[in-house]
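Below is the file entry30.txt, which contains compact mmCIF, C-alpha atoms and all ligand atoms.
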```txt
# COMPACT_ATOMS: atom_id res chain seq x y z
CA MET A 780 226.96 31.80 85.09
CA ARG A 781 223.49 31.50 86.59
CA PHE A 782 223.33 30.26 90.22
CA VAL A 783 227.06 30.99 90.57
CA ASP A 784 227.83 34.65 89.76
CA GLU A 785 224.95 36.05 91.80
CA PHE A 786 226.24 34.12 94.83
CA ARG A 787 229.74 35.63 94.49
CA ASP A 788 228.73 39.29 94.36
CA ALA A 789 231.28 41.33 96.33
CA GLU A 790 228.84 44.18 97.15
CA LEU A 791 226.30 41.76 98.61
CA GLY A 792 229.12 40.06 100.51
CA ARG A 793 230.14 43.35 102.10
CA ALA A 794 226.50 44.08 102.97
CA LEU A 795 226.13 40.67 104.67
CA ALA A 796 229.39 41.21 106.56
CA GLY A 797 227.95 44.54 107.78
CA GLN A 798 224.75 42.82 108.93
CA ILE A 799 226.79 40.20 110.79
CA LEU A 800 228.79 42.91 112.54
CA ALA A 801 225.57 44.67 113.53
CA THR A 802 224.04 41.43 114.87
CA VAL A 803 226.79 40.25 117.24
CA GLU A 804 227.06 41.38 120.84
CA PRO A 805 230.47 42.95 121.49
CA GLY A 806 232.31 41.00 124.18
CA ARG A 807 230.53 37.74 123.45
CA HIS A 808 232.41 34.93 121.66
CA TYR A 809 230.47 32.92 119.07
CA LYS A 810 231.61 29.48 117.92
CA VAL A 811 229.88 28.12 114.82
CA MET A 812 230.64 24.70 113.31
CA GLU A 813 230.55 24.11 109.57
CA VAL A 814 229.63 20.43 109.46
CA CYS A 815 230.53 19.80 105.84
CA GLY A 816 234.00 19.69 104.28
CA GLY A 817 232.62 21.50 101.23
CA HIS A 818 231.88 24.50 103.45
CA THR A 819 235.39 24.37 104.94
CA HIS A 820 236.75 24.49 101.40
CA SER A 821 234.55 27.52 100.49
CA ILE A 822 235.46 29.35 103.72
CA TYR A 823 239.18 29.12 103.02
CA LYS A 824 238.97 29.50 99.26
CA TYR A 825 236.94 32.72 99.43
CA GLY A 826 238.45 34.13 102.61
CA ILE A 827 235.09 34.19 104.42
CA ASP A 828 236.89 34.15 107.78
CA ASP A 829 238.40 37.53 106.92
CA LEU A 830 234.94 39.11 106.60
CA LEU A 831 233.82 38.07 110.09
CA PRO A 832 234.22 40.03 113.32
CA ALA A 833 237.02 38.70 115.55
CA ASN A 834 234.50 37.32 118.06
CA VAL A 835 232.86 34.98 115.48
CA GLU A 836 234.88 31.77 115.20
CA LEU A 837 234.28 29.03 112.65
CA VAL A 838 235.30 25.47 113.57
CA HIS A 839 235.34 22.42 111.32
CA GLY A 840 233.13 19.41 111.71
CA PRO A 841 233.20 15.73 110.79
CA GLY A 842 231.55 16.02 107.35
CA CYS A 843 234.42 15.07 105.04
CA PRO A 844 233.71 11.51 103.83
CA VAL A 845 237.32 10.55 103.07
CA CYS A 846 238.62 12.02 106.35
CA VAL A 847 236.53 9.75 108.57
CA ILE A 848 237.64 6.40 107.07
CA PRO A 849 239.80 4.64 109.70
CA MET A 850 243.08 2.92 108.90
CA GLY A 851 241.62 -0.54 109.52
CA ARG A 852 239.09 -0.09 106.70
CA VAL A 853 241.88 0.90 104.30
CA ASP A 854 243.80 -2.22 105.37
CA ASP A 855 240.65 -4.31 104.76
CA GLY A 856 240.35 -2.78 101.28
CA ILE A 857 244.01 -3.48 100.49
CA ALA A 858 243.57 -7.10 101.63
CA LEU A 859 240.76 -7.42 99.06
CA ALA A 860 242.64 -5.50 96.34
CA THR A 861 245.62 -7.85 96.57
CA ARG A 862 243.56 -11.05 96.14
CA PRO A 863 244.41 -12.83 92.89
CA GLY A 864 242.11 -11.93 90.00
CA VAL A 865 240.50 -8.94 91.71
CA ILE A 866 239.98 -5.55 90.07
CA PHE A 867 239.56 -3.07 92.93
CA THR A 868 237.85 0.26 92.23
CA CYS A 869 237.46 3.41 94.31
CA PHE A 870 237.22 7.20 94.01
CA GLY A 871 240.42 9.15 93.31
CA ASP A 872 240.94 10.82 96.69
CA MET A 873 240.37 7.48 98.49
CA MET A 874 243.41 6.07 96.67
CA ARG A 875 245.73 8.33 98.71
CA VAL A 876 244.29 7.63 102.20
CA PRO A 877 246.95 5.91 104.30
CA GLY A 878 246.37 2.59 106.04
CA SER A 879 248.97 0.84 108.20
CA GLU A 880 250.72 -0.60 105.12
CA GLY A 881 250.36 2.40 102.83
CA THR A 882 247.64 3.52 100.44
CA PHE A 883 245.69 1.93 97.59
CA LEU A 884 248.12 3.71 95.27
CA ASP A 885 251.01 1.95 97.03
CA ALA A 886 249.17 -1.38 96.63
CA LYS A 887 248.76 -0.57 92.93
CA ALA A 888 252.51 0.16 92.67
CA ARG A 889 253.15 -3.27 94.22
CA GLY A 890 251.07 -4.90 91.47
CA ALA A 891 247.44 -4.87 92.64
CA ASP A 892 244.89 -3.95 89.95
CA VAL A 893 243.46 -0.82 91.60
CA ARG A 894 241.51 1.53 89.34
CA MET A 895 240.07 4.98 89.95
CA VAL A 896 236.41 5.46 89.04
CA TYR A 897 234.20 8.55 88.96
CA SER A 898 231.01 6.68 89.87
CA PRO A 899 229.95 3.22 91.04
CA LEU A 900 228.41 2.71 87.60
CA ASP A 901 231.95 2.87 86.14
CA ALA A 902 232.87 -0.02 88.45
CA LEU A 903 229.82 -1.98 87.29
CA ARG A 904 230.81 -1.36 83.65
CA ILE A 905 234.31 -2.71 84.39
CA ALA A 906 232.71 -5.83 85.92
CA LYS A 907 230.63 -6.40 82.77
CA GLU A 908 233.71 -5.95 80.58
CA ASN A 909 235.73 -8.43 82.69
CA PRO A 910 233.41 -11.35 83.47
CA ALA A 911 236.31 -13.61 84.46
CA ARG A 912 237.53 -11.18 87.17
CA GLU A 913 235.97 -10.20 90.52
CA VAL A 914 235.35 -6.43 90.54
CA ILE A 915 235.02 -4.75 93.95
CA PHE A 916 233.82 -1.19 94.52
CA PHE A 917 235.01 0.51 97.75
CA ALA A 918 232.02 2.75 98.52
CA ILE A 919 232.48 5.82 100.73
CA GLY A 920 230.48 8.92 101.55
CA PHE A 921 227.59 10.27 103.57
CA GLU A 922 223.95 10.15 102.45
CA THR A 923 225.01 12.32 99.49
CA THR A 924 226.64 9.46 97.59
CA ALA A 925 224.88 6.46 99.16
CA PRO A 926 221.92 6.62 96.71
CA SER A 927 224.22 6.20 93.67
CA THR A 928 225.80 3.12 95.28
CA ALA A 929 222.33 1.78 96.08
CA LEU A 930 221.11 2.28 92.50
CA THR A 931 224.24 0.59 91.12
CA LEU A 932 223.72 -2.43 93.39
CA LYS A 933 220.08 -2.61 92.29
CA ARG A 934 221.18 -2.57 88.67
CA ALA A 935 223.87 -5.23 89.26
CA LYS A 936 221.26 -7.47 90.86
CA ALA A 937 218.67 -6.85 88.13
CA GLU A 938 221.23 -7.60 85.40
CA GLY A 939 222.69 -10.60 87.23
CA VAL A 940 226.29 -9.26 87.25
CA ALA A 941 227.69 -12.00 89.48
CA ASN A 942 231.33 -10.80 89.53
CA PHE A 943 230.50 -7.38 91.06
CA SER A 944 230.50 -6.60 94.78
CA CYS A 945 230.83 -3.65 97.13
CA VAL A 946 232.65 -2.81 100.38
CA CYS A 947 230.19 -0.46 102.00
CA ASN A 948 231.72 2.38 104.06
CA HIS A 949 228.79 4.76 103.76
CA VAL A 950 228.25 6.78 106.94
CA THR A 951 225.35 8.86 108.23
CA ILE A 952 225.57 12.42 109.51
CA VAL A 953 223.25 12.56 112.51
CA PRO A 954 225.07 10.16 114.95
CA PRO A 955 228.46 11.97 114.85
CA LEU A 956 226.70 15.31 115.36
CA ARG A 957 224.90 13.91 118.38
CA ALA A 958 228.22 12.53 119.68
CA LEU A 959 229.82 15.97 119.30
CA LEU A 960 226.92 17.66 121.08
CA GLU A 961 227.25 15.17 123.94
CA SER A 962 230.94 16.00 124.30
CA PRO A 963 231.59 18.09 127.43
CA ASP A 964 234.72 19.66 125.87
CA LEU A 965 233.07 21.38 122.94
CA ARG A 966 230.91 24.46 123.32
CA LEU A 967 229.18 25.39 120.08
CA ASP A 968 226.67 28.19 119.44
CA GLY A 969 225.26 26.91 116.14
CA PHE A 970 225.73 24.79 113.05
CA ILE A 971 226.04 25.50 109.35
CA GLY A 972 224.10 22.44 108.17
CA PRO A 973 225.48 20.19 105.42
CA GLY A 974 224.00 21.26 102.08
CA HIS A 975 224.93 18.18 100.04
CA VAL A 976 223.69 15.61 102.57
CA SER A 977 220.50 17.63 103.00
CA THR A 978 219.63 17.35 99.29
CA VAL A 979 218.99 13.68 100.13
CA VAL A 980 217.84 13.63 103.77
CA GLY A 981 216.17 17.07 103.82
CA ALA A 982 216.07 19.45 106.77
CA ARG A 983 213.89 17.33 109.06
CA PRO A 984 216.65 15.06 110.57
CA PHE A 985 218.44 18.09 112.06
CA GLY A 986 215.46 19.05 114.22
CA PHE A 987 217.00 17.26 117.21
CA ILE A 988 219.75 19.90 117.43
CA PRO A 989 217.48 22.82 118.43
CA ALA A 990 214.97 20.50 120.17
CA ASP A 991 217.40 18.51 122.36
CA TYR A 992 220.46 20.76 122.52
CA GLY A 993 219.10 24.28 122.05
CA ARG A 994 221.41 25.19 119.13
CA PRO A 995 220.34 26.78 115.82
CA VAL A 996 221.04 25.09 112.48
CA VAL A 997 221.03 26.75 109.07
CA ILE A 998 221.42 24.45 106.07
CA ALA A 999 223.60 26.25 103.56
CA GLY A 1000 224.83 26.17 99.97
CA PHE A 1001 228.47 26.34 99.01
CA GLU A 1002 228.98 29.68 97.29
CA PRO A 1003 230.52 32.45 99.44
CA LEU A 1004 227.25 34.37 99.85
CA ASP A 1005 225.48 31.14 100.86
CA VAL A 1006 227.93 30.61 103.70
CA LEU A 1007 227.93 34.25 104.79
CA GLN A 1008 224.14 34.39 104.77
CA ALA A 1009 223.94 31.16 106.80
CA ILE A 1010 226.28 32.66 109.43
CA GLN A 1011 224.14 35.82 109.51
CA MET A 1012 220.96 33.70 109.95
CA ILE A 1013 222.51 31.72 112.83
CA LEU A 1014 223.62 34.89 114.60
CA ARG A 1015 220.20 36.47 113.96
CA GLN A 1016 218.49 33.48 115.61
CA ILE A 1017 220.78 33.84 118.64
CA ALA A 1018 220.14 37.60 118.85
CA ASP A 1019 216.35 37.05 118.61
CA GLY A 1020 216.41 34.24 121.19
CA ARG A 1021 215.17 31.78 118.55
CA CYS A 1022 216.48 28.28 117.99
CA GLU A 1023 215.33 26.32 114.94
CA VAL A 1024 216.36 24.63 111.69
CA GLU A 1025 216.37 27.10 108.81
CA ASN A 1026 217.06 26.32 105.19
CA GLN A 1027 219.25 28.86 103.37
CA TYR A 1028 219.74 26.39 100.48
CA ARG A 1029 216.09 26.22 99.44
CA ARG A 1030 217.00 26.38 95.76
CA VAL A 1031 218.34 22.82 96.13
CA VAL A 1032 217.23 21.30 99.46
CA PRO A 1033 213.58 20.29 99.92
CA TYR A 1034 212.45 20.10 103.57
CA GLU A 1035 211.50 16.42 103.21
CA GLY A 1036 214.62 15.50 101.19
CA ASN A 1037 214.68 13.31 98.09
CA LEU A 1038 212.05 10.68 98.83
CA ARG A 1039 213.01 8.44 95.91
CA ALA A 1040 216.67 8.40 96.99
CA LEU A 1041 215.66 7.63 100.60
CA GLU A 1042 213.43 4.79 99.39
CA VAL A 1043 216.26 3.18 97.37
CA MET A 1044 218.67 3.51 100.30
CA ALA A 1045 216.14 1.89 102.64
CA GLU A 1046 215.81 -1.07 100.26
CA VAL A 1047 219.53 -1.68 99.71
CA PHE A 1048 221.10 -0.71 103.06
CA GLU A 1049 220.59 -1.28 106.75
CA LEU A 1050 222.28 0.37 109.73
CA ARG A 1051 225.42 -1.22 111.16
CA PRO A 1052 225.23 -1.61 114.96
CA HIS A 1053 228.44 0.43 115.21
CA PHE A 1054 231.21 1.76 112.98
CA GLU A 1055 234.66 3.15 113.67
CA TRP A 1056 235.29 6.78 112.60
CA ARG A 1057 238.86 7.96 112.21
CA GLY A 1058 239.80 9.94 115.28
CA LEU A 1059 236.28 9.73 116.75
CA GLY A 1060 236.17 6.04 117.72
CA PHE A 1061 233.14 3.77 117.46
CA ILE A 1062 229.76 5.47 117.03
CA SER A 1063 226.54 3.43 117.28
CA GLN A 1064 224.32 3.11 114.20
CA SER A 1065 226.44 5.61 112.29
CA ALA A 1066 227.08 3.66 109.08
CA LEU A 1067 225.37 1.48 106.49
CA ARG A 1068 225.88 -2.07 105.30
CA LEU A 1069 224.10 -4.06 102.61
CA SER A 1070 220.70 -5.41 103.59
CA GLU A 1071 219.95 -9.15 103.64
CA THR A 1072 218.45 -8.96 100.12
CA TYR A 1073 221.76 -7.64 98.75
CA ALA A 1074 224.09 -9.76 100.93
CA ASP A 1075 225.35 -11.66 97.85
CA LEU A 1076 226.85 -8.37 96.57
CA ASP A 1077 228.61 -7.61 99.86
CA ALA A 1078 232.38 -8.03 99.32
CA GLU A 1079 232.98 -8.31 103.08
CA GLN A 1080 230.70 -11.35 103.23
CA ARG A 1081 231.78 -12.81 99.90
CA PHE A 1082 235.53 -12.74 100.59
CA GLY A 1083 235.94 -11.95 104.30
CA VAL A 1084 238.19 -9.12 105.56
CA PRO A 1085 240.68 -8.99 108.46
CA GLY A 1086 238.58 -6.32 110.26
CA VAL A 1087 241.51 -5.32 112.46
CA ARG A 1088 241.42 -2.02 114.34
CA ILE A 1089 244.57 0.04 113.73
CA ALA A 1090 245.47 3.00 115.92
CA ASP A 1091 246.21 6.29 114.13
CA PRO A 1092 249.88 7.38 113.98
CA LYS A 1093 250.90 9.18 117.19
CA ALA A 1094 251.61 12.45 115.36
CA CYS A 1095 248.16 12.51 113.73
CA GLN A 1096 245.59 14.88 115.26
CA CYS A 1097 242.87 14.38 112.64
CA GLY A 1098 240.39 13.39 115.36
CA GLU A 1099 240.80 16.75 117.06
CA VAL A 1100 240.45 18.57 113.72
CA LEU A 1101 237.30 16.59 112.87
CA LYS A 1102 235.77 17.48 116.25
CA GLY A 1103 236.61 21.16 115.86
CA GLY A 1104 238.96 20.82 118.86
CA ILE A 1105 241.98 22.31 117.11
CA LYS A 1106 242.65 24.27 113.92
CA PRO A 1107 244.67 22.48 111.21
CA TRP A 1108 247.80 24.57 111.78
CA GLU A 1109 247.81 23.59 115.46
CA CYS A 1110 248.71 19.99 114.52
CA LYS A 1111 252.46 19.58 115.05
CA VAL A 1112 253.06 17.98 111.64
CA PHE A 1113 250.87 20.36 109.60
CA GLY A 1114 252.72 21.57 106.49
CA THR A 1115 255.97 19.85 107.50
CA ALA A 1116 255.76 16.05 107.77
CA CYS A 1117 252.11 16.18 106.61
CA THR A 1118 251.37 17.82 103.25
CA PRO A 1119 248.90 16.98 100.46
CA GLU A 1120 251.73 15.19 98.59
CA HIS A 1121 252.77 13.12 101.65
CA ALA A 1122 249.77 12.99 103.96
CA ILE A 1123 250.01 11.41 107.41
CA GLY A 1124 246.34 11.96 108.17
CA THR A 1125 243.18 11.90 106.08
CA CYS A 1126 242.27 15.58 106.58
CA MET A 1127 245.22 16.45 104.32
CA VAL A 1128 244.16 14.06 101.53
CA SER A 1129 240.74 15.11 100.31
CA PRO A 1130 240.21 18.66 99.00
CA GLU A 1131 237.28 18.72 101.47
CA GLY A 1132 239.59 17.95 104.39
CA ALA A 1133 240.16 20.93 106.68
CA CYS A 1134 243.95 20.52 106.63
CA ALA A 1135 244.12 20.36 102.83
CA ALA A 1136 241.75 23.33 102.49
CA TYR A 1137 243.80 25.35 104.92
CA TYR A 1138 247.10 24.23 103.37
CA ASN A 1139 245.89 25.24 99.89
CA TYR A 1140 244.33 28.60 100.79
CA GLY A 1141 244.33 29.67 104.43
CA ARG A 1142 248.02 29.43 105.22
CA PHE A 1143 248.75 32.35 102.88
CA ALA A 1144 246.47 34.62 104.90
CA ARG A 1145 248.14 33.42 108.09
CA GLU A 1146 251.60 33.98 106.64
CA ARG A 1147 250.54 37.56 105.84
CA GLU A 1148 249.31 37.97 109.42
CA VAL A 1149 252.63 36.75 110.83
CA VAL A 1150 254.63 39.09 108.58
S1 LIG B 1201 248.16 17.98 109.58
FE1 LIG B 1201 248.00 15.85 108.88
S2 LIG B 1201 248.18 14.58 110.70
FE2 LIG B 1201 247.78 16.68 111.39
S3 LIG B 1201 245.56 16.75 111.65
FE3 LIG B 1201 245.99 17.44 109.56
S4 LIG B 1201 245.88 15.60 108.28
FE4 LIG B 1201 245.98 14.91 110.42
```

As structure tokens, how would this structure be written, given the file I've shared?
Ligand code: SF4
Amino acid sequence: MRFVDEFRDAELGRALAGQILATVEPGRHYKVMEVCGGHTHSIYKYGIDDLLPANVELVHGPGCPVCVIPMGRVDDGIALATRPGVIFTCFGDMMRVPGSEGTFLDAKARGADVRMVYSPLDALRIAKENPAREVIFFAIGFETTAPSTALTLKRAKAEGVANFSCVCNHVTIVPPLRALLESPDLRLDGFIGPGHVSTVVGARPFGFIPADYGRPVVIAGFEPLDVLQAIQMILRQIADGRCEVENQYRRVVPYEGNLRALEVMAEVFELRPHFEWRGLGFISQSALRLSETYADLDAEQRFGVPGVRIADPKACQCGEVLKGGIKPWECKVFGTACTPEHAIGTCMVSPEGACAAYYNYGRFAREREVV
């Protein structure tokens, strides 16, 4: 298949692995963060780790949209879902994220009308088909999915669909990266930039990383050769003494981003002063809410939500995983009390979560190592 097979070529993969080996300085340890959960998934699925020299370490970042939703937001959503007459809609992986009283699936089992949708437009269709019911869409995601929510809200407004509203949990990628770079505990040598987010925001917003923090960034696609080439480009920059934003994913990511998508987002959303991220705490101006013009479609304003902050379970170390502080298997409950079927933390729920990716693919390699 075009744009897939040529990025999975084993010979080219071996050649890139050879270039990486030739680029690194023996005795120096390199720590590279893959920001996006999609990259984490590719790394484990294709065994990219196994092709790297022992002194090149990959750590996971905060770019899994489901993983960063705090328990309090799930509780807020469940409070809305259990209101009489409400049809509550969300994406499939969000239905299994635990709040303090269980998940949306648990709320559904208790009688709430919670429905999985593939897009916000599905939720809008349900609202039009059920004019006597209030239909709420629980929106999540980085800048990748925010434009589709924005376009749906624009359409709802234009068509006067009065029984449709949205709980906006959209987050933005730059503030958590800045927070990580400010952290004294984490030493990183470079970043594999988030390919999906960059299709919308472009490469420009990541310029602060080399400019303010002296770290290279390479925006990358999601096939195994994309990720390997991005790692090679980061290490090449370090070896050459360069530090800049490079775009490995030029077949998809324009430098300026998708201007139409950015325009629609700017019309429908505004920045929240602060937002809580699971395991990372409150980060200023790191999330979106509906702008004044769209306030009538804001479910939080229309119905009110408890807005209570709930601490993560004691056993949960998702925050450390999301900051690249520990590897998934270092969490005490990994693969025992916490599995994809019975997740304690969010990183085990979404396929993009580091714990789920490692549980599904990486643990086999580790088991082989131990044997
Ligand atoms: S194993 Fe479970 S609790 Fe531990 S970090 Fe991963 S998702 Fe969180």

For each of A:Pro910, A:Gly974, A:Pro877, A:Pro984, take the minimum atom-to-atom distance to ligand LIG 1201 (chain B), counting all atoms listed in the file, then give the residue where this is smallest.
->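 Closest to ligand LIG 1201 (chain B), using all atoms listed in the file: A:Pro877.
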
Glu922 of chain A environment, 9 Å, only C-alpha atoms, sequence neighbours closer than 3 positions dropped, as a PyMOL selection string = chain A and resi 925-926+949-952+975-980+1041+1044

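Taking atom CA of Cys869 of chain A and atom CA of Cys1097 of chain A as endpoints, the distance between them is 22.0 Å.
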
State, in Å with one decimal place, the distance from atom CA of Val1031 of chain A to atom CA of Tyr823 of chain A.
->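 Atom-to-atom, atom CA of Val1031 of chain A and atom CA of Tyr823 of chain A are spaced 22.8 Å apart.
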
Could you check which of A:Leu859, A:Lys933, A:Gly864, A:Arg889 is closest to Gln1080 of chain A, using only C-alpha atoms?
->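 Among the listed residues, A:Leu859 lies closest to Gln1080 of chain A.
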
Counting only C-alpha atoms, which residues come within 8 Å of (242.8, -6.5, 87.7), with the point read in the file's coordinates, and could you list them as a list of chain:residue names?
-> A:Gly864, A:Val865, A:Ile866, A:Phe867, A:Ala891, A:Asp892, A:Val893, A:Arg912, A:Val914

Work out how far atom CA of Ser944 of chain A is from atom CA of Leu1069 of chain A, in Å to one decimal.
->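 Answer for the atom CA of Leu1069 of chain A to atom CA of Ser944 of chain A separation: 10.4 Å.
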
Could you pull out the residues sitting within 10 Å of ligand LIG 1201 (chain B), using all atoms listed in the file, and write them as a PDB file with C-alpha atoms, in the coordinates of the input?
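So the final result, stored in selection_2.pdb, reads:
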```pdb
ATOM      1  CA  CYS A 846     238.620  12.020 106.350  1.00  0.00           C
ATOM      2  CA  GLY A1058     239.800   9.940 115.280  1.00  0.00           C
ATOM      3  CA  ASP A1091     246.210   6.290 114.130  1.00  0.00           C
ATOM      4  CA  PRO A1092     249.880   7.380 113.980  1.00  0.00           C
ATOM      5  CA  LYS A1093     250.900   9.180 117.190  1.00  0.00           C
ATOM      6  CA  ALA A1094     251.610  12.450 115.360  1.00  0.00           C
ATOM      7  CA  CYS A1095     248.160  12.510 113.730  1.00  0.00           C
ATOM      8  CA  GLN A1096     245.590  14.880 115.260  1.00  0.00           C
ATOM      9  CA  CYS A1097     242.870  14.380 112.640  1.00  0.00           C
ATOM     10  CA  GLY A1098     240.390  13.390 115.360  1.00  0.00           C
ATOM     11  CA  GLU A1099     240.800  16.750 117.060  1.00  0.00           C
ATOM     12  CA  VAL A1100     240.450  18.570 113.720  1.00  0.00           C
ATOM     13  CA  LEU A1101     237.300  16.590 112.870  1.00  0.00           C
ATOM     14  CA  ILE A1105     241.980  22.310 117.110  1.00  0.00           C
ATOM     15  CA  LYS A1106     242.650  24.270 113.920  1.00  0.00           C
ATOM     16  CA  PRO A1107     244.670  22.480 111.210  1.00  0.00           C
ATOM     17  CA  TRP A1108     247.800  24.570 111.780  1.00  0.00           C
ATOM     18  CA  GLU A1109     247.810  23.590 115.460  1.00  0.00           C
ATOM     19  CA  CYS A1110     248.710  19.990 114.520  1.00  0.00           C
ATOM     20  CA  LYS A1111     252.460  19.580 115.050  1.00  0.00           C
ATOM     21  CA  VAL A1112     253.060  17.980 111.640  1.00  0.00           C
ATOM     22  CA  PHE A1113     250.870  20.360 109.600  1.00  0.00           C
ATOM     23  CA  GLY A1114     252.720  21.570 106.490  1.00  0.00           C
ATOM     24  CA  THR A1115     255.970  19.850 107.500  1.00  0.00           C
ATOM     25  CA  ALA A1116     255.760  16.050 107.770  1.00  0.00           C
ATOM     26  CA  CYS A1117     252.110  16.180 106.610  1.00  0.00           C
ATOM     27  CA  THR A1118     251.370  17.820 103.250  1.00  0.00           C
ATOM     28  CA  PRO A1119     248.900  16.980 100.460  1.00  0.00           C
ATOM     29  CA  HIS A1121     252.770  13.120 101.650  1.00  0.00           C
ATOM     30  CA  ALA A1122     249.770  12.990 103.960  1.00  0.00           C
ATOM     31  CA  ILE A1123     250.010  11.410 107.410  1.00  0.00           C
ATOM     32  CA  GLY A1124     246.340  11.960 108.170  1.00  0.00           C
ATOM     33  CA  THR A1125     243.180  11.900 106.080  1.00  0.00           C
ATOM     34  CA  CYS A1126     242.270  15.580 106.580  1.00  0.00           C
ATOM     35  CA  MET A1127     245.220  16.450 104.320  1.00  0.00           C
ATOM     36  CA  VAL A1128     244.160  14.060 101.530  1.00  0.00           C
ATOM     37  CA  SER A1129     240.740  15.110 100.310  1.00  0.00           C
ATOM     38  CA  GLY A1132     239.590  17.950 104.390  1.00  0.00           C
ATOM     39  CA  ALA A1133     240.160  20.930 106.680  1.00  0.00           C
ATOM     40  CA  CYS A1134     243.950  20.520 106.630  1.00  0.00           C
ATOM     41  CA  ALA A1135     244.120  20.360 102.830  1.00  0.00           C
ATOM     42  CA  TYR A1137     243.800  25.350 104.920  1.00  0.00           C
ATOM     43  CA  TYR A1138     247.100  24.230 103.370  1.00  0.00           C
TER      44      TYR A1138
END
```

Find the residues with any atom within 9 Å of (226.9, 24.8, 119.7); use only C-alpha atoms and the coordinates as given in the file, and write the answer as a PyMOL selection string.
-> chain A and resi 809-812+960+965-970+988+992-995

For Val940 of chain A, the closest of A:Glu1035, A:Pro1003, A:Gly840, A:Asn909 counting all atoms listed in the file is A:Asn909

Any idea what's packed within 12 Å of Val1032 of chain A, counting all atoms listed in the file, ignoring anything in its chain fewer than 2 positions away? Could you give it as number ranges by chain?
-> A: 923, 972-983, 997-1000, 1025-1030, 1034-1038

Smallest atom-to-atom distance to Pro849 of chain A: which of A:Glu961, A:Glu1046, A:Glu1071, A:Glu1055, using all atoms listed in the file?
-> A:Glu1055

Using only C-alpha atoms, pick whichever of A:Ala918, A:Leu1067, A:Leu959, A:Ala796 has the shortest atom-to-atom distance to Phe870 of chain A.
->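 Using only C-alpha atoms, the shortest distance to Phe870 of chain A belongs to A:Ala918.
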
Segment 896-899 of chain A: which residues within 12 Å, counting only C-alpha atoms, same-chain residues fewer than 4 positions away excluded, as a PyMOL selection string?
-> chain A and resi 866-874+903-906+914-920+924-935+943-947
